[in-house]
Amino acid sequence: MRRRAFITALGASLLTVRGMRLAAAPAQENRLLVVFLRGGYDCASLLVPWASPFYYESRPGIAIARPDPADPRAALPLESGWGLHPALQASILPLWQQGQVAFIPFAGTHDLSRSHFETQDSMESGQPLDGPRDYGSGFLNRLAAVLGGSDGVAFTDQLPLAMRGAVAIPNVSLKQFGKAPFDDRQMAVIAGMYRGQPLEAQVLEGFQLRREVAEAYGQEMLEAGRQAISSQGFELEARRVGRMLRDRFNLAFLDVGGWDTHVNQGGAQGALAGNLDSLGKGLAGCAQELGPAWRHTVVVVISEFGRTFRENGTRGTDHGHGSVHWVLGGAIQGRRLAGEQVPVERKALFQDRDYPVLNEYRAVLAGLFRRMYGLSPQQLETVFPRAGALDLGLL
Amino acid sequence: MTDPTAAGPGRGLPVRGRQAQGGARHGRARRSALRVALGVLAGLGGLQGRAAAPTLSVPALRWLDRITYGVDSWTVARYQTLGPGRFLDEQLRGAVPEDPGLAAVLQALPLVRTPPEQLLQAADAEGKRIQALDTEEARQQARQAQNQEANQLVAEAARRHLLRALASPDQLREQMVWFWLNHFSVFQGKGNLRWLVADYEEQAIRPHALGRFRDLLLATMTHPAMLVFLDNAQSAAGRINENYARELLELHTMGVDGGYSQQDIQELARVLTGLGVRAAPDSPGLKPEWRPLYVHRGAFEFNPARHDFGDKTVLGQRIPGTGFAEVEQVADLLAAQPATARFVSTRLATYWLGQAPSAPLVAAMARVFQRTGGDLPRVLRVVFASREFTASLGRNFRDPMHYVMAALRLAYDGQRPLNMKPVLNWLNQMGEPLYGRVTPDGYPLAPQAWSSSGQLVKRFEIARALGSGNAGLFEAGDGQPATSTGFPRLASRMFYTTLEPTLSPATRQGLDSAGSQAEWNTYLLASPDFMLH
């Protein structure tokens, strides 16, 4: 494998440093991408409970209208009283129709702090809420550990908690792209200064990844010469992620901010609609870039919590509880809402305020990972201690 | 404008002979030979014409390197004059002699000195004018110009912050300004904050950075920047937005495990109603009985018409509905909580130790915090006097701000670069831009957040940009020729008397294999040794 050869050339000791990843396990064909929407996105605007009069009562200023083929601002009907935000018509709706998207309403964590930071950390750690937590260990890192030969990466500027832990996982943001600034000799000198130091693995991984990004950049420039790149912003980033997943990695993390809509979040149009639009285009673009590998790919979209079911005093929503998680992939059992549900009415609200959590994310992901990777109960216990596995038949 | 290459008055160094340590002499000879061989002498100020820095012991150097943003000749000389005790006193008391050269440069920054209410008024007026323009094209053009002006203001505020961090002798205060700006973090990209961040830093944060916590807290609670950032300006009786109340408890005072409830958040949110922004010089139309309760300072207002005058109970204490006095009352209440003393002490210690502090250290700090009513210099003294602090020296991984500042202070010892845009860019690339944290939690204080593979490679690239030339730091940007070649003087006497003795053999070996001065500079700044302080 090219990645391995280069790293070995830089520092012979890496083999021992990284142990797990360079073990001769067969390359994992299944690819997993976890997309974290930071800020707690308003799931009741994504998945619109249009059959619920209570929804329209609770959101006089920001509700999405009932499905109506004549109204481009209306929700797009999905199934039994649920509709999709109209901003996703061109991107996510086609995937839904092909059975490549499932939504899990009433999903999330039982963490009740309603704090972004606390809840993001606790979700990314994936550890039980009762008992001491190790904030140096994230669930994707533990998954990488039990999978052995996986190639993990975080497409973020800083290494997220989900990817921290015993396995050395590199990170690089694909928002900006460029050539590598060092030649092999210079990289070897710098790596040499770190030999035997605690950061050696990160340095070697970093150089390796930087080379790969530079290669991908060269390729993109080449392609750009032939056909103008029209995509930008998150879509461009997500397309790059798709290509990296297609060619080089099989376990990845990406995050998207801007979902904390306390004020003027808008309805069919506005700030939130714009965010959903670019998210949808990005995910569809990522799927497209994966090509045939999309059949072997699962994308999970999660967020730390949902928002208050009722609109607040400033045409926005505040921190809530239950959310809607997404599962996408070329081979998933989609075009459906999975997991336990309750009718959307006032008495269903948690603390008369938020969606309840009926599908705990750790159990849901454990069930999904078991299907994806055939993990043993013991391995699942390592990834999500004491979570159990909830099998929603998504694969 | 003052000549930026001149060392400020009071910066002359006592010349103590030219003796270097044994190991350094060899290195210096090598380096000189290399320079001649490579013909890059022109750019090297290294040893010529600069006063010698006296030698300090390695522990003293490491201490000084951490108390400041990185050692430079001035701090070394000052340390030599005062000794560690008086050096620290001077820094903590804010009694450091000013650098008039720097003061003159700061004085000359035009935008940041405009009061925010004037900026907001002008922005409002301009917004109205734009709306009345005839064509969409004209509107777009005018909006773009206004945007540029706002960005320029933020850039100027950042420049002021970075110039001070880089060149001010008041090094401890500069770090505490950064720390509190981060603790009470606001994001310039939200709403009209770009007009407000400069004033927020200067008026709410800086005066209290080494003062009392309660004053600092109240200053942030009554500054438009915070009230806009956490949506309080839009919260009103009957239309409550609890965002600010929550973060005030969780991030600014008691910490997430501080023992408050959802009920406390809701009650606090009611207390905070009415705190907001009014740029116009007059007061809003109010009922006569509310007029005496109205408070208006600059762009800040407390508007009784928006305030919830019902009684509240916060953290078990009854707060009768009286108006603005409630806000002062909760500032007192929150600052006096034992949880606040612990939480703020933990944050401070983490910043200075580069790791989570021990429970006894936090307890000792929290005791002083409570006993002195949050007297910040006295709380900080507990950290600096601790064995944990001494043990941490030379082992802390630098956060991006410290990394860049230490590199610049070494490379341009005593010089002031004119152009801070490259520095801002580097901070941006490393994920720690000023006023740039989108979420209110501020940048992480624990160093693990900054040592990922992506971060390290980014630092190597910055090391290269900085080490290979001037990176544009001395370009005035107004068409004037650069005032200095700006080639970094990393292989200076400063380096040989301060950092060189502390380098590891592997790093020396790396430096020895450099093929040019630029490469040598790059390797030094990329070395594991330079990542630590």
# chains A, B, ... in the order shown; residues from 1 in each chain; ligands from 1

$ interface_residues --of "chain B" --to "chain A" --cutoff "6 Å" --atoms "only C-alpha atoms" --output "mmCIF file with all heavy atoms, in the first residue's frame"
data_model
loop_
_atom_site.group_PDB
_atom_site.id
_atom_site.type_symbol
_atom_site.label_atom_id
_atom_site.label_comp_id
_atom_site.auth_asym_id
_atom_site.auth_seq_id
_atom_site.Cartn_x
_atom_site.Cartn_y
_atom_site.Cartn_z
ATOM 1 N N ARG B 239 -40.891 37.388 25.849
ATOM 2 C CA ARG B 239 -40.263 36.847 24.638
ATOM 3 C C ARG B 239 -38.824 36.486 24.982
ATOM 4 O O ARG B 239 -37.863 37.062 24.490
ATOM 5 C CB ARG B 239 -40.292 37.868 23.502
ATOM 6 C CG ARG B 239 -41.677 38.027 22.876
ATOM 7 C CD ARG B 239 -41.637 39.010 21.714
ATOM 8 N NE ARG B 239 -41.367 40.365 22.183
ATOM 9 C CZ ARG B 239 -40.370 41.132 21.721
ATOM 10 N NH1 ARG B 239 -39.549 40.666 20.812
ATOM 11 N NH2 ARG B 239 -40.195 42.345 22.188
ATOM 12 N N ILE B 240 -38.699 35.528 25.870
ATOM 13 C CA ILE B 240 -37.405 35.212 26.474
ATOM 14 C C ILE B 240 -36.556 34.384 25.523
ATOM 15 O O ILE B 240 -37.039 33.466 24.884
ATOM 16 C CB ILE B 240 -37.613 34.396 27.767
ATOM 17 C CG1 ILE B 240 -38.405 35.203 28.791
ATOM 18 C CG2 ILE B 240 -36.291 33.901 28.317
ATOM 19 C CD1 ILE B 240 -37.589 36.106 29.643
ATOM 20 N N SER B 452 -2.624 17.773 16.779
ATOM 21 C CA SER B 452 -3.020 16.765 15.790
ATOM 22 C C SER B 452 -2.054 16.798 14.613
ATOM 23 O O SER B 452 -1.287 17.738 14.445
ATOM 24 C CB SER B 452 -4.431 17.048 15.303
ATOM 25 O OG SER B 452 -4.435 18.227 14.536
ATOM 26 N N SER B 453 -2.119 15.773 13.785
ATOM 27 C CA SER B 453 -1.216 15.702 12.631
ATOM 28 C C SER B 453 -1.434 16.885 11.695
ATOM 29 O O SER B 453 -0.483 17.459 11.174
ATOM 30 C CB SER B 453 -1.436 14.387 11.893
ATOM 31 O OG SER B 453 -2.792 14.261 11.518
ATOM 32 N N GLY B 454 -2.704 17.256 11.500
ATOM 33 C CA GLY B 454 -2.996 18.367 10.606
ATOM 34 C C GLY B 454 -2.395 19.664 11.116
ATOM 35 O O GLY B 454 -1.821 20.453 10.365
ATOM 36 N N VAL B 457 1.572 19.712 10.706
ATOM 37 C CA VAL B 457 2.027 19.987 9.344
ATOM 38 C C VAL B 457 1.782 21.452 8.991
ATOM 39 O O VAL B 457 2.604 22.107 8.349
ATOM 40 C CB VAL B 457 1.332 19.033 8.349
ATOM 41 C CG1 VAL B 457 1.625 19.433 6.927
ATOM 42 C CG2 VAL B 457 1.791 17.611 8.599
ATOM 43 N N ALA B 506 18.580 15.384 18.789
ATOM 44 C CA ALA B 506 17.941 15.123 17.497
ATOM 45 C C ALA B 506 17.671 16.429 16.760
ATOM 46 O O ALA B 506 17.825 16.521 15.547
ATOM 47 C CB ALA B 506 16.645 14.348 17.695
ATOM 48 N N THR B 507 17.287 17.450 17.524
ATOM 49 C CA THR B 507 17.018 18.743 16.891
ATOM 50 C C THR B 507 18.314 19.379 16.394
ATOM 51 O O THR B 507 18.380 19.906 15.288
ATOM 52 C CB THR B 507 16.293 19.671 17.881
ATOM 53 O OG1 THR B 507 15.000 19.121 18.125
ATOM 54 C CG2 THR B 507 16.150 21.070 17.332
ATOM 55 N N GLY B 510 19.129 17.794 13.218
ATOM 56 C CA GLY B 510 18.285 18.315 12.147
ATOM 57 C C GLY B 510 18.794 19.663 11.658
ATOM 58 O O GLY B 510 18.930 19.897 10.457
#

$ select_by_dssp --residues "range 70-123 of chain A" --states "strand (DSSP E or B)" --output "ChimeraX atom specification"
/A:74,76-79,82-84,101-108

$ write_last_selection --atoms "N, CA, C and O atoms" --output "short mmCIF file (atom, residue, chain, number, x, y, z; two decimals), in the first residue's frame"
data_model
loop_
_atom_site.label_atom_id
_atom_site.label_comp_id
_atom_site.auth_asym_id
_atom_site.auth_seq_id
_atom_site.Cartn_x
_atom_site.Cartn_y
_atom_site.Cartn_z
N ALA A 74 -43.62 24.34 0.03
CA ALA A 74 -44.26 23.33 0.87
C ALA A 74 -43.33 22.15 1.12
O ALA A 74 -42.39 21.91 0.36
N LEU A 76 -42.04 18.33 1.20
CA LEU A 76 -42.13 17.27 0.18
C LEU A 76 -42.55 16.00 0.89
O LEU A 76 -41.85 15.54 1.79
N PRO A 77 -43.70 15.43 0.51
CA PRO A 77 -44.22 14.29 1.28
C PRO A 77 -43.28 13.09 1.22
O PRO A 77 -42.80 12.73 0.15
N LEU A 78 -43.04 12.48 2.36
CA LEU A 78 -42.20 11.28 2.40
C LEU A 78 -43.06 10.06 2.72
O LEU A 78 -43.34 9.24 1.88
N GLU A 79 -43.50 9.97 3.97
CA GLU A 79 -44.40 8.87 4.33
C GLU A 79 -45.22 9.29 5.55
O GLU A 79 -44.82 10.17 6.32
N TRP A 82 -45.12 12.70 7.36
CA TRP A 82 -43.82 13.37 7.44
C TRP A 82 -43.44 13.91 6.07
O TRP A 82 -43.71 13.27 5.05
N GLY A 83 -42.79 15.06 6.07
CA GLY A 83 -42.32 15.62 4.81
C GLY A 83 -40.89 16.12 4.94
O GLY A 83 -40.37 16.31 6.04
N LEU A 84 -40.27 16.34 3.80
CA LEU A 84 -38.88 16.79 3.76
C LEU A 84 -38.84 18.29 3.48
O LEU A 84 -39.67 18.81 2.74
N VAL A 101 -31.75 6.69 1.44
CA VAL A 101 -31.78 7.52 2.64
C VAL A 101 -32.81 6.97 3.61
O VAL A 101 -33.93 6.63 3.18
N ALA A 102 -32.45 6.90 4.88
CA ALA A 102 -33.43 6.61 5.93
C ALA A 102 -33.27 7.69 7.00
O ALA A 102 -32.17 8.20 7.22
N PHE A 103 -34.36 8.05 7.65
CA PHE A 103 -34.28 8.98 8.77
C PHE A 103 -34.67 8.26 10.04
O PHE A 103 -35.59 7.43 10.04
N ILE A 104 -34.01 8.60 11.14
CA ILE A 104 -34.35 8.04 12.44
C ILE A 104 -34.83 9.20 13.32
O ILE A 104 -34.02 9.94 13.86
N PRO A 105 -36.17 9.39 13.40
CA PRO A 105 -36.66 10.47 14.25
C PRO A 105 -36.54 10.08 15.72
O PRO A 105 -36.31 8.91 16.05
N PHE A 106 -36.70 11.03 16.59
CA PHE A 106 -36.65 10.79 18.05
C PHE A 106 -35.34 10.10 18.42
O PHE A 106 -35.30 9.17 19.22
N ALA A 107 -34.26 10.55 17.79
CA ALA A 107 -32.95 9.95 18.05
C ALA A 107 -32.11 10.92 18.86
O ALA A 107 -32.39 12.12 18.90
N GLY A 108 -31.09 10.39 19.49
CA GLY A 108 -30.17 11.26 20.23
C GLY A 108 -29.59 10.59 21.45
O GLY A 108 -29.58 9.36 21.57
#

$ select_by_dssp --residues "range 207-444 of chain B" --states "alpha helix (DSSP H)" --output "ChimeraX atom specification"
/B:213-221,224-229,243-247,262-272,324-335,338-353,359-371,376-384,387-392,400-411,421-429

$ atom_distance --atom1 "CA of Phe397 in chain B" --atom2 "CA of Gly189 in chain B"
28.8 Å

$ residues_around --residues "Ala349 in chain B" --least-positions-apart "3" --cutoff "9 Å" --atoms "only C-alpha atoms" --output "MDAnalysis selection string"
chainID B and resid 344:346 352:357 361:362 365 380 383 389

$ atom_distance --atom1 "CA of Phe305 in chain A" --atom2 "CA of Asn182 in chain B"
24.9 Å

$ residues_around --residues "range 66-72 of chain B" --least-positions-apart "6" --cutoff "7 Å" --atoms "only C-alpha atoms" --output "MDAnalysis selection string"
chainID B and resid 171:172 402 405:406 409:410 413 533

$ closest_residue --among "A:Arg246, A:Ala70, A:Phe309, A:Leu394" --to "Ala348 in chain A" --atoms "only C-alpha atoms"
A:Phe309

$ residues_around --residues "Val256 in chain A" --least-positions-apart "6" --cutoff "12 Å" --atoms "only C-alpha atoms" --output "list in words"
Val34, Val35, Phe36, Leu37, Arg38, Gly39, Gly40, Tyr41, Phe155, Thr156, Asp157, Ser173, Lys175, Gly233, Phe234, Glu235, Glu237, Ala238, Asn275, Leu276, Ser278, Leu279, Gly280, Gly282, Leu283, Val301, Ile302 and Ser303 of chain A; Val438 of chain B
